[in-house]
Structures are given as structure tokens and as C-alpha cells.
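Accompanying notes for the structure given below.
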Amino acid sequence: MPALAPDLPIALTCGEPAGIGPEIALAARMRLGADLPFFWIGDPRHLPQGAAVTEIASPAAARDVAPDRLPVLPHGFDGPASPGQPRPDHAADVIAVIARAVALAMAGEVAAICTAPISKKALKDGAGFAFPGHTEFLADLAGVGRVVMMLACDALRVVPVTIHIPLADVPATLTPDLLEETLRITHAGLQRDFGLTAPRLAVAGLNPHAGEGGTMGGQEIAMIAPLLDRLRAGGMAIAGPLPADTMFHPAARARYDAAVCMYHDQALIPIKTLDFAGGVNLTLGLPFIRTSPDHGTAFDIAGQGIADPSSLIAALRMARDMARSRAQ
Amino acid sequence: MIQNPRMAMAIGDGGGIGPELAARVLADETANPGDLIVFGDARLLERGAAQAGLDLSLPVLGLDALSGTLPDGSFLVDLANADPAEIAVGEASLAGGRGALQNFAAALLTAKAGLADAVFFTPFNKYAMRLAHPSYVDEIGFIKSTINSTRSGREFNVLDEVWNARVTSHIPLREVADALSVDRIFDSLKLTVEVMEGAGYTRPRIGVAALNPHAGDGRNFGTEDDDIIHPAVLRAQAEQFAVEGPIPSDTVFVRALKGEYDAVMTMYHDQGQIAMKLLGFDRGVTLIAGYGFPIVTPAHGTAYDIAGQGKADTGATFNAAALGRKLAAMERARGDRIRSAEGLADQIGALLTAPQAA
């Protein structure tokens with residue numbers, strides 16, 4: 001695979017056409033203009049009426065599009081979209097757009113990909129989509145065994161080790177292998193894509209007060225602490241296992257570059273509380289850079305022109321910054 | 001015999017910021033309007049005052065002050081139970097843990113006797129308390145046994161206008177899902193409504209956090225949200241409680257902060273503590289309710305790392321005092337407590353001479 005060049009445009013997928021994806025893509029272009037080159041892959045009919053669009057034949061052509069027009073690499077769907085009502089016969093094309101963006105990234109034609117929200121239910125109902133989400137699908141397309149989901153805002157980066165599973169299944173799913181690979185991928189990702197030569201990781205405990213010496217759960221002593229000791233001995237800067245409730249206030253956050261959490265809400269509660277709109281979801285461990293806004297399809301407000309593009313803009317900016325870090 | 005609402009204040013662990021914070025409370029006109037019955041060691045409080053750069057002029061009395069008519073104004077009951085020479089600053093010690101426990105027990109017994117309407121304490125350290133009292137698990141269990149209560153109280157965290165109560169607390173994460181039941185969640189909601197109404201809320205609005213990611217995402221990531229939490233919420237709504245949920249736990253606090261809820265009911269310890277401590281590490285208050293009188297303390301700990309330096313932040317401590325005082329006034333207004341100092345000084349005296357509990 002050719003090296004990713006930071007001056008290439010970013011490919012933005014359409015996501016679920018019945019959600020807010022199309023309208024926030026247009027809004028992001030109007031806000032960012034030519035400063036942050038990206039193009040949209042999707043059906044131009046799904047963009048808001050009267051959208052200023054320039055169709056392009058290849059990613060390279062995105063550079064020549066006027067700043068007040070959205071460059072679109074067209075992908076024809078079977079008909080228009082109705083805001084709030086996903087169509088089963090659109091599901092396969094939503095998936096195909098993601099695959100096309102990945103192919104462009106793998107071919108080195110784009111600096112990064114940014115994905116707009118999908119509806120897992122719509123894709124499952126319409127096309128039998130079997131992945132829990134984008135992250136797993138992208139790993140499959142890239143032929144990578146394990147990837148890491150990171151959520152990032154200005155104030156905090158978090159990585160959930162287990163993600164979309166019942167809370168009751170977390171202890172059994174949390175194996176030393178999974179934790180070690182997650183830490184290694186996170187560490188490498190912070191070095192490669194965030195320009196941190198010696199990343200500092202903070203690892204949360206699983207149990208209240210990080211188990212409090214084994215009185216409130218044993219995974220910290222049996223599994224997490226020995227693994228961290230081993231990784232520290234290998235030179236990684238890792239703190240933990242730390243009580244999760246005292247690692248997210250401002251003074252604590254200053255001590256690490258990313259917090260590695262044991263389950264979904266342990267990671268999501270702090271970041272959404274800190275920055276509900278501006279968070280970015282990104283995937284580490286893929287052969288290409290991928291970011292995404294940290295919100296859903298928002299069917300309830302789709303098509304009304306009131307959706308907030310700030311998380312998408314943050315995702316596009318982060319993709320560009322990561323591409324620059326990686327190129328250095 | 002008792003004219004105005006009083007608050008019993010226990011000086012916390014001597015190795016931490018507890019004595020310094022106690023001194024700062026006593027020196028502040030708002031935090032100390034003259035209603036505090038302080039339990040602790042006079043020498044340790046003196047050290048705290050010196051750490052804070054304060055000169056306290058507080059009457060220092062003996063246990064006999066607790067019989068007959070209470071003196072007006074704030075005063076220290078010197079238990080002479082924590083010699084600063086035995087308690088290194090910045091470290092957990094047996095003497096520090098023992099003194100903190102005795103102060104706390106004395107304050108609890110004073111409130112139980114009705115001489116005080118609320119209990120307020122500066123931070124403890126659990127490890128130090130276990131050095132002195134190996135069977136100590138948490139405040140809830142200690143309070144229950146100290147005042148010989150048949151009921152178990154509940155811990156609430158209060159941050160500005162948002163309250164947090166939890167269904168389960170100090171248990172391994174693995175046990176959380178099994179510990180949930182419709183009855184248990186409903187009972188937690190009911191108690192929360194009672195306590196908040198006692199604190200002046202009318203029909204407090206409670207957002208109930210989901211257990212699983214995305215509230216289970218339509219049963220894709222677990223069934224408890226649909227099968228346990230939702231029915232408990234419906235039952236609470238049928239009782240006319242202003243309750244909503246289950247709400248994904250990564251958004252429920254944001255909604256509460258925007259003013260949609262007065263309280264958030266969380267299913268497990270960190271689910272609530274992460275957001276509350278992130279938002280207000282320096283302002284949050286812990287309230288323990290359900291024992292007939294409120295017990296308040298700052299939500300943070302002993303901060304051994306900054307102890308003795310005179311730089312402890314007083315925000316959470318002053319907030320705790322204010323909440324305790326507000327609840328004490330409401331408690332007094334209800335006027336249904338029997339108040340008698342009989343035997344109290346002897347009970348507290350017995351605490352000080354008791355052999356180290358095992």
C-alpha cells in the first residue's frame with residue numbers, strides 16, 4: 001500500500017441517507033471550504049434540496065472544486081431518501097459506499113476516511129449486515145484481526161476494551177490477550193497518528209475503587225495489574241489499574257494521553273459528559289486512518305436542517321491531523 | 001433543653017486534610033454560624049488550624065458538656081483520642097483511623113440522642129480505619145451498627161442541583177446484573193423520592209440510567225434494561241413518581257445537568273461516580289440518609305498527597321456543611337424526634353476505652 005499523503009483529500013461516506021449524514025456533510029463543507037479538502041461519496045439526490053454540488057470522477061479532482069460547492073463522488077442509490085425513514089433497499093448501497101471508501105484508502109488515493117452514522121438495524125433488516133458496527137466492518141474489509149475504538153475530544157481520549165456487549169458479559173470477555181492487544185494498538189496508534197513519542201496510558205480498574213485490594217472484585221489483582229507490570233517492564237508508561245471514578249477530573253486527566261477503560265460506559269460516560277457534541281470516534285489498528293462523528297443517525301431531526309455538524313467537523317479535522325502526524 | 005438545630009461535626013483522619021478542613025469550617029462565618037458540636041482531639045485540631053494558618057478561638061469542653069443544657073455556639077468536645085505525635089501527616093495510621101472512627105461514632109450517637117440534627121464529617125481513609133477496626137467495610141455498615149439501626153441507609157451524591165443515588169454500590173462488577181431486580185430498583189426510587197421530598201423537593205424528577213450500552217440497543221446488548229429496569233420505572237410511574245428511563249448512561253447525566261432531572265438513579269458504583277467526580281471533584285457532597293438524621297461529608301477523600309500544606313480546597317466541605325444544615329433545619333421543623341442526653345456522655349466515653357475491635 002502506498003504511503004498516505006496528508007495533502008490528499010479525505011473520503012466522507014454518506015452513511016444512512018435517511019439520517020442527518022447528508023445534511024451535515026454539506027454543512028461541514030460550507031463551514032470548512034477549501035481549508036480541509038474532503039469529498040462525499042453518495043447519491044447527490046440525498047443531499048438537501050438546492051445543495052451546491054460538483055460531481056467528481058476521482059478523489060484527486062476534489063481539489064479543483066470551488067470552496068462553496070460540495071465535491072461528490074457519486075454512488076447511485078435506488079431512489080431518493082425520506083428523512084427519518086430508512087429504506088431496506090438502500091442498505092446494500094450504504095454498505096457499498098463504506099467498502100468503496102475503504103478501497104480508496106487501501107489504494108492510497110485518500111488521506112483518510114471519515115464515516116457518517118449508519119443505522120445498524122436498517123442495515124441488518126435490509127441487507128443482513130452482521131457486524132455490530134462500523135468498527136468491526138472496517139476491520140473485516142481491511143483484513144485486520146483486532147482493532148481499537150477510541151473516542152477523542154480536546155480534553156480526553158478514551159478506549160473501551162470491551163464495547164457493544166451486555167455489562168454482565170464484560171468480566172468474562174475481558175481476557176489478558178484482549179487487554180494486552182488493546183494497549184499495544186493504542187500505544188502504537190498514539191505514536192503513529194498523534195505524534196506522541198512516549199504515550200502515557202492510564203488503565204481503569206473493572207470494579208469499584210479498582211477492587212480495593214481484592215475486596216470488591218479480583219480482576220485487578222489477578223489479571224490487570226500483572227499485565228500492566230509486564231508492559232511497564234517492557235518500557236510502556238502505564239498507570240493503573242486506577243479507580244475509574246477518580247481518573248477523569250482535570251488534574252487526573254493531565255497525567256495521561258489516553259484512558260483505557262474496561263467497558264463501554266466506563267469510557268463513554270466521561271467523554272460525553274465532557275463534550276457531548278464534539279467527540280470523535282476513531283479506529284486504531286487499521287492500515288488507514290478512519291474517524292467518525294460520535295453520534296447516531298438522529299432520525300428524529302433528520303431533514304429539518306437543524307442537525308449540528310460540529311462533531312463531523314471535529315472528525316474531519318482529526319483525520320487531517322492524524323494524516324499529518326503519520327506522514328512525518 | 002435544645003433551642004436551635006445543631007450539627008455534630010466529626011474531625012476526619014488526622015493524617016489527611018480532615019483537621020485542616022475542620023479548622024477552616026470553624027473559622028468561616030458562613031460555614032460555622034455557631035451551631036457545631038465538634039468531636040475530636042484538641043491537639044489535632046490545633047495542628048489542622050496551624051496547617052491552615054488559622055487561630056481558632058473555640059471553647060474546648062469535656063464530655064460532661066453533653067449532659068444538661070448545651071452551651072450556646074460552637075464548641076469542641078475534646079476526646080483526647082488522637083495524639084498528633086502518633087499520626088504522621090500524609091500517611092494512613094492506626095491512631096489516625098481510630099481517632100476518626102471514634103469521632104464519627106460520637107457524632108452519630110449525639111445525633112441519635114437528638115442533641116444534634118445532622119452529622120457532618122471531614123474525610124476518612126478506609127485503609128486507616130481498617131487498621132483500627134479490621135471489620136470496617138464502609139460508612140453504611142458502621143453507622144448501622146453504631147446506632148444499632150434496623151434500617152440500612154442509602155448514600156447519595158449531591159453536586160450543585162443534581163443528585164445521584166445508586167441501586168448497587170460496593171460490589172464486584174460481575175455481580176451487578178444479578179443483583180438488580182424490579183423490587184430493588186423500585187425500592188431505591190421510592191427511598192430517593194422520600195429523601196428528596198424531605199430535602200424540600202416536590203415530586204423530584206429522576207432519570208434512571210440503563211445498565212447496558214445504548215440501553216441494550218433493543219436487546220442486542222443485554223436484556224436487563226427491557227426486562228428489569230423498564231418494569232421498575234413503569235411501577236414507579238404508576239405510583240405517580242416523576243421517573244423516566246432506562247436512559248443510556250452516557251447521556252443521562254448530560255440531560256440532568258441541562259435541568260431535565262433533579263436526580264439520576266444509577267445501577268452501579270462507577271456509573272454515577274465517574275460523572276459526578278468528573279464534574280465536581282471539588283464541589284460534590286456525599287449524603288447518607290435513612291437513619292432519622294442526615295449524614296454529610298465532602299465527596300473527596302483524605303488527599304494524603306497534599307495534607308499539611310494548607311492548600312486543601314474547601315468547596316466540597318463547605319457545600320456539605322450547607323446541605324447538612326439545610327436538612328437539619330427541615331428535620332427540626334418536622335419536630336418528631338425524642339431528644340435526651342441521658343447516658344450519652346457515658347456511651348461516648350465507652351467508645352474511647354473499648355478494646356480494639358476485631
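Chain labels follow the order of the C-alpha cells: the first chain is A, the next B, and so on; residue numbering restarts at 1 in every chain, and ligands are counted from 1 in their shown order.
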
With the cut-off set at 10 Å and counting only C-alpha atoms, tabulate each residue of chain B with an atom at most that distance from an atom of chain A, showing the nearest atom pair and its distance in Å to one decimal, ordered by chain and increasing number, as a tab-separated table.
```
residue	atom	partner	partner_atom	distance
B:Lys126	CA	A:Glu212	CA	9.9
B:Tyr127	CA	A:Glu212	CA	9.5
B:Val137	CA	A:Thr215	CA	9.2
B:Ser169	CA	A:Pro208	CA	7.9
B:His170	CA	A:Pro208	CA	6.2
B:Ile171	CA	A:Met216	CA	5.2
B:Pro172	CA	A:Gly217	CA	4.4
B:Leu173	CA	A:Asn207	CA	5.3
B:Arg174	CA	A:Pro171	CA	6.1
B:Glu175	CA	A:Ala168	CA	7.9
B:Val176	CA	A:Ala168	CA	7.5
B:Ala177	CA	A:Ala168	CA	5.7
B:Asp178	CA	A:Ala168	CA	8.2
B:Ala210	CA	A:Asp265	CA	10.0
B:Leu211	CA	A:Leu167	CA	6.8
B:Asn212	CA	A:Leu167	CA	5.4
B:Pro213	CA	A:His264	CA	6.2
B:His214	CA	A:His164	CA	8.5
B:Ala215	CA	A:Pro166	CA	9.5
B:Gly216	CA	A:Pro166	CA	7.1
B:Asp217	CA	A:His164	CA	9.1
B:Gly218	CA	A:Lys121	CA	9.5
B:Arg219	CA	A:Pro166	CA	9.1
B:Asn220	CA	A:Ile165	CA	7.9
B:Phe221	CA	A:Pro166	CA	4.5
B:Gly222	CA	A:Pro166	CA	4.4
B:Thr223	CA	A:Pro166	CA	7.9
B:Glu224	CA	A:Pro166	CA	8.8
B:Pro248	CA	A:Asp265	CA	8.7
B:Ser249	CA	A:Ile269	CA	6.6
B:Asp250	CA	A:Ile269	CA	4.2
B:Thr251	CA	A:Lys272	CA	6.8
B:Val252	CA	A:Ile269	CA	9.0
B:Phe253	CA	A:Thr273	CA	7.0
B:Val254	CA	A:Thr273	CA	5.8
B:Arg255	CA	A:Thr273	CA	9.6
B:Leu257	CA	A:Thr273	CA	9.3
B:Tyr268	CA	A:Pro208	CA	8.6
B:His269	CA	A:Pro208	CA	6.1
B:Asp270	CA	A:Asp245	CA	5.9
B:Gln271	CA	A:Gln266	CA	7.1
B:Gly272	CA	A:Asp245	CA	8.4
B:Gln273	CA	A:Asp245	CA	5.3
B:Ile274	CA	A:Asp245	CA	4.1
B:Ala275	CA	A:Pro270	CA	6.0
B:Met276	CA	A:Asp245	CA	8.3
B:Lys277	CA	A:Asp245	CA	6.4
B:Leu278	CA	A:His249	CA	4.3
B:Leu279	CA	A:His249	CA	7.0
B:Gly280	CA	A:His249	CA	7.9
B:Phe281	CA	A:His249	CA	6.7
B:Asp282	CA	A:His249	CA	9.4
B:His300	CA	A:Thr246	CA	9.2
```

For the residues in that selection, give me N, CA and C atoms as a short mmCIF file (atom, residue, chain, number, x, y, z; two decimals), in the first residue's frame.
```
data_model
loop_
_atom_site.label_atom_id
_atom_site.label_comp_id
_atom_site.auth_asym_id
_atom_site.auth_seq_id
_atom_site.Cartn_x
_atom_site.Cartn_y
_atom_site.Cartn_z
N LYS B 126 -10.34 4.81 54.46
CA LYS B 126 -10.82 3.46 54.79
C LYS B 126 -9.69 2.55 55.24
N TYR B 127 -8.53 2.69 54.61
CA TYR B 127 -7.42 1.81 54.97
C TYR B 127 -7.01 2.05 56.42
N VAL B 137 -16.17 -2.07 56.82
CA VAL B 137 -16.34 -2.20 55.38
C VAL B 137 -16.60 -0.83 54.77
N SER B 169 -23.80 -0.83 45.11
CA SER B 169 -22.69 0.07 45.42
C SER B 169 -21.34 -0.65 45.44
N HIS B 170 -20.90 -1.06 46.61
CA HIS B 170 -19.54 -1.61 46.71
C HIS B 170 -19.54 -3.11 46.51
N ILE B 171 -19.88 -3.53 45.30
CA ILE B 171 -19.83 -4.95 44.95
C ILE B 171 -19.07 -5.11 43.64
N PRO B 172 -18.51 -6.31 43.41
CA PRO B 172 -17.79 -6.51 42.14
C PRO B 172 -18.71 -6.28 40.94
N LEU B 173 -18.14 -5.79 39.86
CA LEU B 173 -18.95 -5.52 38.66
C LEU B 173 -19.67 -6.77 38.18
N ARG B 174 -19.00 -7.91 38.34
CA ARG B 174 -19.57 -9.18 37.90
C ARG B 174 -20.93 -9.47 38.56
N GLU B 175 -21.13 -8.93 39.75
CA GLU B 175 -22.36 -9.26 40.50
C GLU B 175 -23.49 -8.26 40.26
N VAL B 176 -23.20 -7.20 39.52
CA VAL B 176 -24.19 -6.13 39.41
C VAL B 176 -25.47 -6.59 38.73
N ALA B 177 -25.35 -7.22 37.57
CA ALA B 177 -26.55 -7.58 36.80
C ALA B 177 -27.45 -8.51 37.62
N ASP B 178 -26.85 -9.47 38.30
CA ASP B 178 -27.66 -10.40 39.09
C ASP B 178 -28.30 -9.74 40.31
N ALA B 210 -29.57 3.30 32.27
CA ALA B 210 -29.62 1.93 31.76
C ALA B 210 -28.41 1.15 32.24
N LEU B 211 -28.52 -0.16 32.26
CA LEU B 211 -27.38 -1.00 32.68
C LEU B 211 -26.40 -1.20 31.53
N ASN B 212 -26.93 -1.45 30.34
CA ASN B 212 -26.10 -1.89 29.21
C ASN B 212 -25.81 -0.74 28.24
N PRO B 213 -24.80 -0.92 27.39
CA PRO B 213 -24.53 0.12 26.40
C PRO B 213 -25.78 0.42 25.57
N HIS B 214 -26.02 1.66 25.28
CA HIS B 214 -27.18 2.09 24.48
C HIS B 214 -28.48 1.51 25.04
N ALA B 215 -28.57 1.37 26.35
CA ALA B 215 -29.75 0.79 27.00
C ALA B 215 -30.12 -0.57 26.40
N GLY B 216 -29.09 -1.31 26.01
CA GLY B 216 -29.32 -2.65 25.48
C GLY B 216 -29.56 -2.69 23.98
N ASP B 217 -29.75 -1.52 23.36
CA ASP B 217 -29.93 -1.44 21.90
C ASP B 217 -30.96 -2.45 21.41
N GLY B 218 -32.15 -2.37 21.98
CA GLY B 218 -33.20 -3.29 21.52
C GLY B 218 -32.85 -4.75 21.76
N ARG B 219 -32.30 -5.06 22.92
CA ARG B 219 -31.95 -6.41 23.38
C ARG B 219 -30.71 -6.96 22.69
N ASN B 220 -30.03 -6.16 21.86
CA ASN B 220 -28.81 -6.67 21.23
C ASN B 220 -27.67 -6.78 22.23
N PHE B 221 -27.62 -5.87 23.20
CA PHE B 221 -26.50 -5.87 24.17
C PHE B 221 -27.03 -6.08 25.57
N GLY B 222 -27.86 -7.09 25.77
CA GLY B 222 -28.35 -7.37 27.11
C GLY B 222 -29.83 -7.11 27.25
N THR B 223 -30.45 -7.82 28.17
CA THR B 223 -31.92 -7.78 28.29
C THR B 223 -32.41 -7.08 29.55
N GLU B 224 -31.50 -6.77 30.49
CA GLU B 224 -31.94 -6.23 31.78
C GLU B 224 -32.67 -4.90 31.65
N PRO B 248 -29.69 5.69 28.29
CA PRO B 248 -28.27 5.32 28.16
C PRO B 248 -27.42 6.13 29.14
N SER B 249 -26.54 5.43 29.83
CA SER B 249 -25.87 6.09 30.95
C SER B 249 -24.85 7.11 30.50
N ASP B 250 -24.50 7.12 29.21
CA ASP B 250 -23.57 8.16 28.78
C ASP B 250 -24.28 9.46 28.44
N THR B 251 -25.60 9.47 28.46
CA THR B 251 -26.30 10.73 28.20
C THR B 251 -27.15 11.20 29.38
N VAL B 252 -27.41 10.33 30.34
CA VAL B 252 -28.37 10.69 31.39
C VAL B 252 -27.86 11.84 32.26
N PHE B 253 -26.54 11.88 32.50
CA PHE B 253 -26.03 12.99 33.33
C PHE B 253 -26.04 14.31 32.58
N VAL B 254 -25.76 14.22 31.29
CA VAL B 254 -25.80 15.44 30.49
C VAL B 254 -27.21 16.03 30.53
N ARG B 255 -28.21 15.15 30.44
CA ARG B 255 -29.60 15.63 30.49
C ARG B 255 -29.94 16.20 31.87
N LEU B 257 -27.86 17.60 33.91
CA LEU B 257 -27.19 18.90 34.03
C LEU B 257 -27.93 20.00 33.30
N TYR B 268 -24.93 0.99 39.27
CA TYR B 268 -23.71 0.52 39.95
C TYR B 268 -22.81 1.71 40.24
N HIS B 269 -21.82 1.45 41.09
CA HIS B 269 -20.97 2.48 41.67
C HIS B 269 -20.38 3.45 40.65
N ASP B 270 -19.56 2.92 39.74
CA ASP B 270 -18.83 3.83 38.86
C ASP B 270 -19.72 4.53 37.84
N GLN B 271 -20.86 3.95 37.57
CA GLN B 271 -21.77 4.57 36.59
C GLN B 271 -22.13 5.99 37.01
N GLY B 272 -22.31 6.20 38.28
CA GLY B 272 -22.63 7.53 38.75
C GLY B 272 -21.40 8.30 39.18
N GLN B 273 -20.47 7.60 39.82
CA GLN B 273 -19.32 8.29 40.41
C GLN B 273 -18.41 8.91 39.35
N ILE B 274 -18.33 8.28 38.18
CA ILE B 274 -17.45 8.83 37.14
C ILE B 274 -17.92 10.24 36.77
N ALA B 275 -19.20 10.36 36.46
CA ALA B 275 -19.70 11.67 36.03
C ALA B 275 -19.69 12.67 37.18
N MET B 276 -20.11 12.24 38.36
CA MET B 276 -20.20 13.19 39.47
C MET B 276 -18.82 13.72 39.86
N LYS B 277 -17.83 12.83 39.89
CA LYS B 277 -16.50 13.29 40.31
C LYS B 277 -15.81 14.07 39.19
N LEU B 278 -16.08 13.70 37.96
CA LEU B 278 -15.53 14.46 36.84
C LEU B 278 -16.04 15.91 36.89
N LEU B 279 -17.33 16.03 37.15
CA LEU B 279 -17.95 17.35 37.10
C LEU B 279 -17.64 18.20 38.32
N GLY B 280 -17.50 17.54 39.46
CA GLY B 280 -17.37 18.36 40.66
C GLY B 280 -16.53 17.73 41.73
N PHE B 281 -15.30 17.37 41.37
CA PHE B 281 -14.42 16.75 42.36
C PHE B 281 -14.25 17.68 43.56
N ASP B 282 -14.30 18.97 43.29
CA ASP B 282 -14.05 19.95 44.35
C ASP B 282 -15.34 20.54 44.92
N HIS B 300 -14.85 13.96 48.29
CA HIS B 300 -13.45 13.56 48.07
C HIS B 300 -12.88 12.90 49.32
#
```

key: Residues flagged helix (DSSP H, G or I) by DSSP in region 121-193 of chain A, as a PyMOL selection string   = chain A and resi 121-127+134-142+167-173+176-193

task = Pick out the closest residue to Cys261 (chain A) from this set: A:Val158, A:Ala57, A:Met150, A:Leu138. Count only C-alpha atoms.
result =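 Closest to Cys261 (chain A) of all the choices is A:Val158.
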
request  = Can you pull out every residue within 12 Å of Ala256 (chain B), counting only C-alpha atoms, but drop anything in the same chain fewer than 5 positions away, and send it as a ChimeraX atom specification?
outcome  = /A:273 /B:159-164,204-209,244,247,249-251,261-265,272,275-276

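Our summary of the geometry notes that CA of Gln309 (chain B) is positioned 14.7 Å from CA of Leu45 (chain B).
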
task = Mind listing the strand (DSSP E) residues of region 115-242 of chain A, per DSSP on the backbone, as a ChimeraX atom specification?
result = /A:148-153,156-160,200-204,237-242

Suppose we keep N, CA and C atoms; can you now write the selection as a compact mmCIF listing (two decimals), in the first residue's frame?
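Once everything was written out, this is out-v3.txt:
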```txt
# COMPACT_ATOMS: atom_id res chain seq x y z
N VAL A 148 -8.96 -1.15 17.54
CA VAL A 148 -9.32 -0.47 18.78
C VAL A 148 -10.18 0.74 18.46
N MET A 149 -11.26 0.89 19.21
CA MET A 149 -12.09 2.07 19.07
C MET A 149 -11.63 3.11 20.08
N MET A 150 -11.39 4.30 19.60
CA MET A 150 -11.01 5.40 20.50
C MET A 150 -12.00 6.52 20.32
N LEU A 151 -12.35 7.17 21.42
CA LEU A 151 -13.16 8.38 21.35
C LEU A 151 -12.30 9.51 21.85
N ALA A 152 -12.36 10.60 21.13
CA ALA A 152 -11.45 11.69 21.48
C ALA A 152 -12.15 13.03 21.39
N CYS A 153 -11.85 13.88 22.34
CA CYS A 153 -12.23 15.29 22.25
C CYS A 153 -11.01 16.08 22.72
N LEU A 156 -9.94 14.89 26.32
CA LEU A 156 -9.81 13.50 26.75
C LEU A 156 -9.80 12.55 25.56
N ARG A 157 -8.99 11.46 25.69
CA ARG A 157 -9.09 10.34 24.75
C ARG A 157 -9.39 9.09 25.58
N VAL A 158 -10.36 8.32 25.14
CA VAL A 158 -10.69 7.08 25.86
C VAL A 158 -10.78 5.91 24.89
N VAL A 159 -10.45 4.73 25.41
CA VAL A 159 -10.54 3.50 24.64
C VAL A 159 -11.30 2.47 25.48
N PRO A 160 -12.46 2.02 25.02
CA PRO A 160 -13.11 0.92 25.73
C PRO A 160 -12.53 -0.42 25.25
N ARG A 200 1.53 8.20 27.29
CA ARG A 200 1.23 7.80 28.68
C ARG A 200 -0.20 7.27 28.72
N LEU A 201 -0.34 6.02 29.14
CA LEU A 201 -1.66 5.41 29.22
C LEU A 201 -2.10 5.32 30.68
N ALA A 202 -3.40 5.47 30.90
CA ALA A 202 -3.97 5.23 32.23
C ALA A 202 -5.02 4.14 32.05
N VAL A 203 -4.95 3.12 32.87
CA VAL A 203 -5.86 1.99 32.73
C VAL A 203 -6.81 1.95 33.92
N ALA A 204 -8.09 1.90 33.61
CA ALA A 204 -9.11 1.85 34.68
C ALA A 204 -9.20 0.43 35.23
N ALA A 237 4.75 3.51 29.37
CA ALA A 237 4.34 4.35 30.51
C ALA A 237 2.85 4.10 30.76
N ILE A 238 2.56 3.31 31.75
CA ILE A 238 1.16 2.95 32.04
C ILE A 238 0.89 3.13 33.51
N ALA A 239 -0.18 3.85 33.84
CA ALA A 239 -0.64 3.94 35.23
C ALA A 239 -1.87 3.05 35.38
N GLY A 240 -1.98 2.42 36.53
CA GLY A 240 -3.19 1.64 36.78
C GLY A 240 -2.90 0.28 37.35
N PRO A 241 -3.94 -0.51 37.61
CA PRO A 241 -5.34 -0.14 37.43
C PRO A 241 -5.80 0.93 38.42
N LEU A 242 -6.46 1.96 37.90
CA LEU A 242 -6.89 3.10 38.71
C LEU A 242 -8.40 3.03 38.98
```

key: Length of the CA of Thr291 (chain A) to CA of Gly21 (chain A) vector [Å]   =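 Interatomic distance here is 14.1 Å.
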
message = Could you list, as a PyMOL selection string, every residue within 8 Å of Val182 (chain B), counting only C-alpha atoms and ignoring same-chain residues fewer than 3 positions away?
response = chain B and resi 185-186+228-229+231-232

Write a file of the selected residues as a PDB file, in the first residue's frame, keeping N, CA, C and O atoms.
```pdb
ATOM      1  N   ILE B 185     -34.950  -1.999  42.419  1.00  0.00           N
ATOM      2  CA  ILE B 185     -34.873  -0.695  41.747  1.00  0.00           C
ATOM      3  C   ILE B 185     -36.032   0.185  42.187  1.00  0.00           C
ATOM      4  O   ILE B 185     -35.863   1.370  42.479  1.00  0.00           O
ATOM      5  N   PHE B 186     -37.206  -0.411  42.252  1.00  0.00           N
ATOM      6  CA  PHE B 186     -38.366   0.367  42.693  1.00  0.00           C
ATOM      7  C   PHE B 186     -38.153   0.908  44.112  1.00  0.00           C
ATOM      8  O   PHE B 186     -38.423   2.070  44.392  1.00  0.00           O
ATOM      9  N   ILE B 228     -36.007  -5.647  33.399  1.00  0.00           N
ATOM     10  CA  ILE B 228     -35.952  -5.307  34.828  1.00  0.00           C
ATOM     11  C   ILE B 228     -36.134  -3.807  35.055  1.00  0.00           C
ATOM     12  O   ILE B 228     -37.005  -3.375  35.810  1.00  0.00           O
ATOM     13  N   ILE B 229     -35.289  -3.011  34.392  1.00  0.00           N
ATOM     14  CA  ILE B 229     -35.326  -1.571  34.688  1.00  0.00           C
ATOM     15  C   ILE B 229     -36.624  -0.935  34.178  1.00  0.00           C
ATOM     16  O   ILE B 229     -37.280  -0.178  34.896  1.00  0.00           O
ATOM     17  N   PRO B 231     -39.670  -2.247  33.659  1.00  0.00           N
ATOM     18  CA  PRO B 231     -40.829  -2.501  34.528  1.00  0.00           C
ATOM     19  C   PRO B 231     -40.763  -1.753  35.867  1.00  0.00           C
ATOM     20  O   PRO B 231     -41.805  -1.323  36.388  1.00  0.00           O
ATOM     21  N   ALA B 232     -39.571  -1.598  36.416  1.00  0.00           N
ATOM     22  CA  ALA B 232     -39.444  -0.855  37.680  1.00  0.00           C
ATOM     23  C   ALA B 232     -39.838   0.608  37.477  1.00  0.00           C
ATOM     24  O   ALA B 232     -40.502   1.213  38.330  1.00  0.00           O
TER      25      ALA B 232
END
```

task = Would you list the contacts of Gly15 (chain A) as a PyMOL selection string, taking every protein, DNA or RNA residue within 7 Å and counting only C-alpha atoms, but skipping same-chain residues closer than 2 positions in sequence?
result = chain A and resi 13+17+21+94+115-118

Best match for closeness to Leu94 (chain B) among B:Glu194, B:Asp55, B:Glu342, B:Asp13, counting only C-alpha atoms = B:Asp13

message = Would you pick out the contacts of region 83-88 of chain A at 9 Å or less, using only C-alpha atoms, so that residues sharing its chain but fewer than 2 positions from it are not included, and give the list as a ChimeraX atom specification?
response = /A:16-20,81,90-92,119,122-127,297-304
